[in-house]
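Novice: The structure follows.
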2 protein chains.
Amino acid sequence: MDEFALIRHLNKKAQDRAIAKSIPSYSQVATGIGDDAAVVGISAGMQLVAACDAMVDQIHFLPQTMEDFHVGYKALVSNVSDIAAMGAIPKFALITLAVPKGLNISRLESIYDGIYACAEEYGVAIIGGDTVSTPDSLSISVTILGEVEIGQALLRSSAKAGDVVFVTGSVGSSSAGLHYLLAKNRVEHSPDSAYIEFIRSHRMPKAQVAAGRLLLTSGYGHALNDISDGLASEAWEIAEASGKCIQLFAKNIPISDSVLQYASDINYSPLEWALYGGEDYQLIGTVAAEYWDKARAQFEREGLAIYPIGEVLPGDPEVRWVNEAGNIERLEKKGFNHFGR
Amino acid sequence: MDEFALIRHLNKKAQDRAIAKSIPSYSQVATGIGDDAAVVGISAGMQLVAACDAMVDQIHFLPQTMEDFHVGYKALVSNVSDIAAMGAIPKFALITLAVPKGLNISRLESIYDGIYACAEEYGVAIIGGDTVSTPDSLSISVTILGEVEIGQALLRSSAKAGDVVFVTGSVGSSSAGLHYLLAKNRVEHSPDSAYIEFIRSHRMPKAQVAAGRLLLTSGYGHALNDISDGLASEAWEIAEASGKCIQLFAKNIPISDSVLQYASDINYSPLEWALYGGEDYQLIGTVAAEYWDKARAQFEREGLAIYPIGEVLPGDPEVRWVNEAGNIERLEKKGFNHFGR
């Protein structure tokens, strides 16, 4: 079996396993992997939602930060997060792998295991892709397809003056995990137990699909964005797309205890990670102030987290930061830059 | 403006130009580039068709074979061809570019110009993508989305015993073009005029969307496949997917006069290019024998080419080759391998 036949075989094996586990999206697949293109049905009353996101070895991950399984998992989950950020339902994915010559086949198996573990978790059917050789680094490019009720997608541009700005969970965890792994400079098979949570946030972050759906179906959600490049950058995107000023309060930003502990241990500001660190994949968005209490109650009933972190003000698009001393600054627009390069 | 802001600017500029030219697919785009994901409508009575195909510098193209404009054009048209091969209508595309550090911005502009020239030609709306840095080679990964009437897609698996096997145009042209360009070993801005046609076939091949649609809407088409890896490999795919024997006749394979001339000049077998050369993007398929004359007449009326090149026989899946002396051989299953690596 040549290299590509083997990859096709691996893909087929993983797919059969996924189909056997009855991921419902497969019921919409008329023609899957194996023809020139896949053919799928889109549910009545729904629009198609599509996004793509790529990850490159040495740019988005390093051997000492991510095992191959994590690389596969994260390549897909970062795409699922884009669907969550529209309030939509993830359905299908196409995966393009650029594989360096001579890559050990067991490494590819682990990447596929990670991809399919994520696919199963979020009910995504893998319907196609391409595998090409590359003279250089491994890269994974994923296209995710989802569905959303016609005209209901939650856009960045929908923030209204008076809205409460929220985030769906702790931020900065992924960056703390990255910092820890880079500092250790080796793959940690059994990391310090206190730090497992935020290391996992870096390697296997969760996409907030349930929160996105609740914001859409309840009608409470206005603007919505996922945090792939840090809270600051995403808040700026909403401010600019909506033409509004967003004011965030330092004291309200949720940061997990273990991240606070680690930051204190290494004498670093956890807010740096929260504001300018990437890949938390929490959602940031806005809800009308008069519905905030109802929205929060409904999140609580469904076992989902939501934290008020600021407010939308009329005025020129910018992001203001009320620091812990109560002084207002303009928040820097910079976003996450992988490994500071 | 940083590198990525500039890329976004280029993309936006090209998109505005495309929208201004009224590509009808844009009327189905509710949210295009600029949010976490695109939102598009799928027409009533249609299924979604999706494929992806990637091209990597040094593997799929070389500076002496393709100018940047061609790289962009071909990355998209190879995907459009996958939609044509289902009998479907191309609609939307998402483009992921992995850009080496320090790549000259005018090169990126040329790639985008090529992408958007192709998008315009085939009525494709560019709805999203990703741009990432890479430490290595430029690569382009495209996801194409199209629409097809529910249950009507033309699959590889639909060949029936007794069918006529056809091809929609000359084959081997792209490989002849590649051979010529590699032999010259430099970018030819004004190649020998006799060879312009097949050099163009290599750099800016056509996707056979109209032929695919005619085969589907007329009801004449059974199996269908596009020729990305050579006639032999694609005929094998149909034979195996359909569980039938395909017999091809050497004397019937259409090869253009200029390719025959060039092959003769360099003392090479043009059938090698036709059978095992890649990227012609013609369609190979089958039509019931009793409808062949009608199908051919309808192709002629619409100004489209179609050539009978063989027949589908009952029996074990394989591809037989009736050579010019009338002897039957088993056709080798090998496909196109870029630059023989």
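Each chain in the structure tokens gets a letter, A, B, ..., in the order shown, and its residues are numbered from 1; ligands are numbered from 1 in order too.
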Taking only C-alpha atoms into account, what are the residues of chain B at most 6 Å from chain A, put as a list in words?
Specialist: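 Every residue of chain B that passes the 6 Å test is in Asp36, Ala37, Ala38, Val39, Val40, Gly41, Gln47, Leu48, Val49, Ala50, Ala51, Cys52, Asp53, Asp82, Gly129, Asp130 and Asp136 of chain B.
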Novice: Now that the selection is made, can you save its residues with N, CA, C and O atoms as a short mmCIF file (atom, residue, chain, number, x, y, z; two decimals), in the first residue's frame?
Specialist:
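Once everything was written out, this is selection.cif:
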```cif
data_model
loop_
_atom_site.label_atom_id
_atom_site.label_comp_id
_atom_site.auth_asym_id
_atom_site.auth_seq_id
_atom_site.Cartn_x
_atom_site.Cartn_y
_atom_site.Cartn_z
N ASP B 36 -17.27 35.43 11.89
CA ASP B 36 -16.63 34.16 12.22
C ASP B 36 -16.86 33.13 11.12
O ASP B 36 -16.04 32.25 10.90
N ALA B 37 -18.00 33.22 10.44
CA ALA B 37 -18.34 32.27 9.39
C ALA B 37 -19.24 32.99 8.39
O ALA B 37 -19.83 34.01 8.70
N ALA B 38 -19.32 32.44 7.21
CA ALA B 38 -20.24 32.97 6.20
C ALA B 38 -21.60 32.30 6.36
O ALA B 38 -21.70 31.17 6.85
N VAL B 39 -22.64 33.00 5.94
CA VAL B 39 -23.99 32.43 5.96
C VAL B 39 -24.55 32.56 4.56
O VAL B 39 -24.57 33.66 3.99
N VAL B 40 -24.98 31.46 3.98
CA VAL B 40 -25.51 31.49 2.61
C VAL B 40 -26.79 30.67 2.53
O VAL B 40 -27.01 29.75 3.32
N GLY B 41 -27.63 31.02 1.57
CA GLY B 41 -28.85 30.26 1.34
C GLY B 41 -28.61 29.17 0.30
O GLY B 41 -27.84 29.37 -0.64
N GLN B 47 -29.50 20.02 -3.12
CA GLN B 47 -28.59 19.57 -2.09
C GLN B 47 -27.29 20.36 -2.20
O GLN B 47 -26.99 20.92 -3.26
N LEU B 48 -26.54 20.34 -1.12
CA LEU B 48 -25.22 20.98 -1.10
C LEU B 48 -24.17 19.98 -1.60
O LEU B 48 -24.19 18.82 -1.22
N VAL B 49 -23.26 20.47 -2.45
CA VAL B 49 -22.14 19.65 -2.92
C VAL B 49 -20.86 20.32 -2.43
O VAL B 49 -20.73 21.54 -2.53
N ALA B 50 -19.94 19.55 -1.86
CA ALA B 50 -18.75 20.15 -1.25
C ALA B 50 -17.51 19.32 -1.55
O ALA B 50 -17.55 18.09 -1.50
N ALA B 51 -16.42 20.00 -1.87
CA ALA B 51 -15.15 19.31 -2.12
C ALA B 51 -14.01 20.22 -1.73
O ALA B 51 -14.18 21.44 -1.65
N CYS B 52 -12.84 19.64 -1.50
CA CYS B 52 -11.67 20.50 -1.34
C CYS B 52 -10.43 19.88 -1.93
O CYS B 52 -10.31 18.67 -2.05
N ASP B 53 -9.55 20.75 -2.32
CA ASP B 53 -8.40 20.40 -3.13
C ASP B 53 -7.32 21.43 -2.82
O ASP B 53 -7.59 22.62 -2.82
N ASP B 82 -14.34 19.61 -9.69
CA ASP B 82 -14.95 18.58 -8.84
C ASP B 82 -16.47 18.75 -8.77
O ASP B 82 -17.21 17.77 -8.65
N GLY B 129 -12.39 32.20 4.25
CA GLY B 129 -11.08 31.61 4.14
C GLY B 129 -10.25 31.92 5.35
O GLY B 129 -10.74 32.43 6.36
N ASP B 130 -8.99 31.60 5.24
CA ASP B 130 -8.06 31.85 6.34
C ASP B 130 -6.72 32.15 5.70
O ASP B 130 -6.41 31.65 4.62
N ASP B 136 7.48 27.71 5.60
CA ASP B 136 7.96 27.01 4.41
C ASP B 136 7.29 27.52 3.14
O ASP B 136 7.21 28.70 2.91
#
```
Novice: Would you pick out the contacts of Glu311 in chain A at 8 Å or less, using only C-alpha atoms, so that residues sharing its chain but fewer than 5 positions from it are not included, and give the list as a list in words?
Specialist: Ala161, Gly162, Asp163, Val164, Val165, Ile246, Gln247 and Leu248 of chain A
Novice: Could you please take those selected residues and save N, CA, C and O atoms as a PDB file, in the first residue's frame?
Specialist:
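Output saved as again_29.pdb:
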```pdb
ATOM      1  N   ALA A 161     -26.249  49.832  21.872  1.00  0.00           N
ATOM      2  CA  ALA A 161     -25.927  50.622  23.061  1.00  0.00           C
ATOM      3  C   ALA A 161     -26.844  50.191  24.204  1.00  0.00           C
ATOM      4  O   ALA A 161     -28.049  50.011  24.015  1.00  0.00           O
ATOM      5  N   GLY A 162     -26.258  50.008  25.386  1.00  0.00           N
ATOM      6  CA  GLY A 162     -27.022  49.563  26.544  1.00  0.00           C
ATOM      7  C   GLY A 162     -26.887  48.072  26.801  1.00  0.00           C
ATOM      8  O   GLY A 162     -27.210  47.592  27.895  1.00  0.00           O
ATOM      9  N   ASP A 163     -26.432  47.292  25.799  1.00  0.00           N
ATOM     10  CA  ASP A 163     -26.269  45.843  25.979  1.00  0.00           C
ATOM     11  C   ASP A 163     -25.258  45.528  27.081  1.00  0.00           C
ATOM     12  O   ASP A 163     -24.299  46.270  27.291  1.00  0.00           O
ATOM     13  N   VAL A 164     -25.487  44.390  27.719  1.00  0.00           N
ATOM     14  CA  VAL A 164     -24.489  43.812  28.614  1.00  0.00           C
ATOM     15  C   VAL A 164     -23.508  43.018  27.753  1.00  0.00           C
ATOM     16  O   VAL A 164     -23.924  42.292  26.852  1.00  0.00           O
ATOM     17  N   VAL A 165     -22.214  43.168  28.015  1.00  0.00           N
ATOM     18  CA  VAL A 165     -21.195  42.347  27.339  1.00  0.00           C
ATOM     19  C   VAL A 165     -20.884  41.156  28.243  1.00  0.00           C
ATOM     20  O   VAL A 165     -20.681  41.333  29.445  1.00  0.00           O
ATOM     21  N   ILE A 246     -17.231  49.678  23.433  1.00  0.00           N
ATOM     22  CA  ILE A 246     -17.379  48.597  24.412  1.00  0.00           C
ATOM     23  C   ILE A 246     -16.503  48.912  25.608  1.00  0.00           C
ATOM     24  O   ILE A 246     -15.323  49.236  25.454  1.00  0.00           O
ATOM     25  N   GLN A 247     -17.093  48.823  26.804  1.00  0.00           N
ATOM     26  CA  GLN A 247     -16.346  49.090  28.026  1.00  0.00           C
ATOM     27  C   GLN A 247     -16.272  47.813  28.857  1.00  0.00           C
ATOM     28  O   GLN A 247     -17.307  47.235  29.191  1.00  0.00           O
ATOM     29  N   LEU A 248     -15.065  47.380  29.159  1.00  0.00           N
ATOM     30  CA  LEU A 248     -14.878  46.140  29.919  1.00  0.00           C
ATOM     31  C   LEU A 248     -14.316  46.468  31.304  1.00  0.00           C
ATOM     32  O   LEU A 248     -13.523  47.402  31.448  1.00  0.00           O
TER      33      LEU A 248
END
```
Novice: Can you list, as a compact mmCIF listing (two decimals) with C-alpha atoms, in the first residue's frame, every protein, DNA or RNA residue that comes within 6 Å of range 331-336 of chain B when you count only C-alpha atoms, leaving out same-chain residues fewer than 4 positions away?
Specialist:
```
# COMPACT_ATOMS: atom_id res chain seq x y z
CA ASP B 229 -4.98 12.27 -12.47
CA GLY B 230 -5.10 10.95 -16.05
CA SER B 233 -6.75 6.42 -13.16
CA TYR B 276 -1.19 9.00 -17.18
CA GLY B 277 -0.83 12.77 -17.28
CA GLY B 278 -2.85 14.87 -14.91
CA VAL B 319 -9.95 -1.19 -17.37
CA ARG B 320 -9.07 -2.80 -20.69
CA TRP B 321 -7.21 -1.07 -23.45
```
Novice: Considering only C-alpha atoms, state which residue in the set B:Ser22, B:Thr217, B:Ser193, B:Thr168 is at the smallest distance from Pro254 in chain B.
Specialist: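 Looking at the shortest contact to Pro254 in chain B, the residue is B:Thr168.
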